[in-house]
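So the structure is just underneath, and the comments pick up after that.
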Amino acid sequence: MKQEKKIHANKIVFHARDVSKIYSMGEIRVNALHGINLEINSGELVVLLGPSGSGKSTLLNILGALDTPTEGTVRFKDQDLFDSDEERLTLFRREHVGFVFQFYNLIPSLTASENVALVTELSSNPMTSEEALGLVGLLDRKDHFPAQLSGGEQQRVSIARAIAKRPDVLLCDEPTGALDFKTGRVVLEAIEKVNHELGTTTIIITHNASITGMADRIITMRDGTIFSDEKNTKRISVGEISW
């Protein structure tokens, strides 16, 4: 019988209050986020759903400290993220956050194992490359270069690289956006496994509503605001998803 994953509702990982983001381009001001209020709990798998321009990537980048809010506060556990200098933000990203993007950003001249090892060398308590690749089902491809791997395999290497440092949080920006359905489902299965087996708090942004079936929680964004925030009472496995 499949063991239930534990979500710690009383252990808040991210706490965002009144977060706004304005980009200025000459005389043009673009309001990307408007007064976002959000809490993410330990162990949750959250899907941020919305069309292009809805603000989901901006929100993800702020949670990962790749961008800064114009107004508002973001706390990671007991730390006020943006009441920190750049050195502390770098340490936060290095120690606590794993990033997975639509494009894999692998170094072509390094094997899968070597690409993962780049991250482990910067971490205080890393997995081995073999452990991380094994979690995403690619141990037998560890000595292959990116050009010898399919798109889905390259994306799974990028997931292995992200989780090898044992991050508290895995942030995934359209991880299946460049993949076909069959390959995309394999990638989502790898993300699901990491969330369930390691308890890694996971946020996936997507415009594909079918993916929401795998989530504990679905947050829908429109025009820089949270349109809805709902617990998924009928979560299904990735194997049951189709689009």
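Here, A, B, ... name the chains of the structure tokens in the order displayed, residue numbers run from 1 inside each chain, and ligands are numbered from 1 in the same displayed order.
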I'd like a table as CSV: residues in region 67-122 of chain A with an atom no more than 12 Å from region 191-208 of chain A, each row giving the shortest atom pair and its distance in Å to one decimal, only C-alpha atoms counted, sorted by chain and rising residue number.
residue,atom,partner,partner_atom,distance
A:His96,CA,A:Thr200,CA,10.3
A:Val97,CA,A:Thr201,CA,9.7
A:Gly98,CA,A:Thr202,CA,9.4
A:Phe99,CA,A:Ile203,CA,10.0
A:Val100,CA,A:Ile204,CA,9.1
A:Phe101,CA,A:Ile205,CA,9.9
A:Gln102,CA,A:Thr206,CA,10.2
### Message
Excluding region 103-105 of chain A and its own-chain neighbours fewer than 6 positions away, which residues fall within 8 Å of it when counting only C-alpha atoms? Please give them as a ChimeraX atom specification.
### Response
/A:154-155,158,175,178
For the selection you just gave me, I'd like the residues written to a file as a short mmCIF file (atom, residue, chain, number, x, y, z; two decimals), in the first residue's frame, keeping N, CA and C atoms.
data_model
loop_
_atom_site.label_atom_id
_atom_site.label_comp_id
_atom_site.auth_asym_id
_atom_site.auth_seq_id
_atom_site.Cartn_x
_atom_site.Cartn_y
_atom_site.Cartn_z
N GLN A 154 17.88 14.87 -20.52
CA GLN A 154 18.61 16.07 -20.11
C GLN A 154 17.85 16.82 -19.01
N GLN A 155 16.53 16.86 -19.13
CA GLN A 155 15.76 17.53 -18.08
C GLN A 155 15.85 16.77 -16.76
N SER A 158 18.97 17.67 -15.12
CA SER A 158 18.86 18.98 -14.48
C SER A 158 18.12 18.88 -13.14
N PRO A 175 8.82 22.91 -16.47
CA PRO A 175 9.81 21.85 -16.70
C PRO A 175 9.48 20.93 -17.87
N ALA A 178 9.20 22.22 -23.07
CA ALA A 178 9.88 21.93 -24.34
C ALA A 178 9.79 20.45 -24.72
#
### Message
My list of candidates is A:Gln79, A:Thr220, A:Thr73, A:Thr176. Which is closest to Gly35 (chain A) when distances are computed with only C-alpha atoms?
### Response
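Ranking A:Gln79, A:Thr220, A:Thr73, A:Thr176 by distance to Gly35 (chain A), first place goes to A:Thr73.
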### Task
Find the spatial neighbours of region 108-113 of chain A, counting only C-alpha atoms, within a cut-off of 10 Å - ignore same-chain residues fewer than 5 positions away - and output them as an MDAnalysis selection string.
chainID A and resid 118 128:130 132:133 138:139 141:149 153:154 156:158 160:161
Find the spatial neighbours of Arg93 (chain A), counting only C-alpha atoms, within a cut-off of 12 Å - ignore same-chain residues fewer than 2 positions away - and output them as an mmCIF file with C-alpha atoms, in the first residue's frame.
data_model
loop_
_atom_site.group_PDB
_atom_site.id
_atom_site.type_symbol
_atom_site.label_atom_id
_atom_site.label_comp_id
_atom_site.auth_asym_id
_atom_site.auth_seq_id
_atom_site.Cartn_x
_atom_site.Cartn_y
_atom_site.Cartn_z
ATOM 1 C CA ASN A 61 11.851 34.063 -9.108
ATOM 2 C CA ILE A 62 11.117 36.156 -6.019
ATOM 3 C CA LEU A 63 10.586 33.056 -3.868
ATOM 4 C CA GLY A 64 13.932 31.756 -5.136
ATOM 5 C CA ALA A 65 15.632 35.131 -4.535
ATOM 6 C CA LEU A 66 16.493 35.482 -8.221
ATOM 7 C CA ASP A 67 14.490 38.714 -8.220
ATOM 8 C CA PHE A 76 11.807 31.747 4.314
ATOM 9 C CA LEU A 81 14.800 37.131 2.638
ATOM 10 C CA GLU A 86 23.634 39.694 -1.491
ATOM 11 C CA GLU A 87 26.040 37.321 0.220
ATOM 12 C CA ARG A 88 23.256 35.899 2.415
ATOM 13 C CA LEU A 89 20.911 35.651 -0.565
ATOM 14 C CA THR A 90 23.580 33.720 -2.467
ATOM 15 C CA LEU A 91 23.942 31.382 0.518
ATOM 16 C CA GLU A 95 21.916 25.826 0.433
ATOM 17 C CA HIS A 96 18.123 25.815 0.325
ATOM 18 C CA VAL A 97 16.791 26.050 -3.241
ATOM 19 C CA GLY A 98 17.022 23.806 -6.279
ATOM 20 C CA PHE A 99 16.018 25.282 -9.645
ATOM 21 C CA VAL A 119 26.494 21.517 -7.618
ATOM 22 C CA LEU A 122 29.269 23.860 -3.511
ATOM 23 C CA SER A 123 27.001 22.184 -0.966
ATOM 24 C CA ALA A 162 18.933 20.566 -8.508
ATOM 25 C CA LYS A 165 22.455 19.467 -2.676
ATOM 26 C CA ARG A 166 19.381 18.269 -0.702
ATOM 27 C CA PRO A 167 17.471 21.563 -0.986
ATOM 28 C CA ASP A 168 14.459 22.393 1.166
ATOM 29 C CA VAL A 169 12.648 23.683 -1.901
ATOM 30 C CA LEU A 170 12.528 22.663 -5.576
ATOM 31 C CA LEU A 171 11.332 25.423 -7.931
#
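Distance annotation: of A:Asp80, A:Glu71, A:Asp140, A:Glu44, the residue with the minimal separation from Met214 (chain A) is A:Glu44; atom set is only C-alpha atoms.
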### Message
So the first atom is CA of Ala32 (chain A) and the second is CA of Ser54 (chain A); what is the distance between them in Å, to one decimal place?
### Response
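According to the coordinates, CA of Ala32 (chain A) and CA of Ser54 (chain A) are separated by 7.5 Å.
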### Task
Could you pull out the residues in region 4-241 of chain A that DSSP calls strand (DSSP E) from the backbone, as JSON, numbers by chain?
{"A": [8, 9, 10, 11, 12, 13, 14, 15, 16, 17, 18, 19, 20, 21, 22, 23, 24, 25, 28, 29, 30, 31, 32, 33, 34, 35, 36, 37, 38, 39, 40, 41, 42, 45, 46, 47, 48, 49, 71, 72, 73, 74, 75, 76, 79, 80, 97, 98, 99, 100, 169, 170, 171, 172, 173, 201, 202, 203, 204, 205, 206, 217, 218, 219, 220, 221, 222, 225, 226, 227, 228, 229, 230, 231]}
### Query
What does the distance between CA of Phe181 (chain A) and CA of Ile241 (chain A) come to in Å, to one decimal place?
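Pair CA of Phe181 (chain A) / CA of Ile241 (chain A) returns 9.7 Å.
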### Task
Check region 1-167 of chain A with DSSP on the backbone and list each residue it calls alpha helix (DSSP H), as a VMD selection string.
chain A and resid 56 to 63 86 to 96 112 to 120 129 to 135 151 to 163
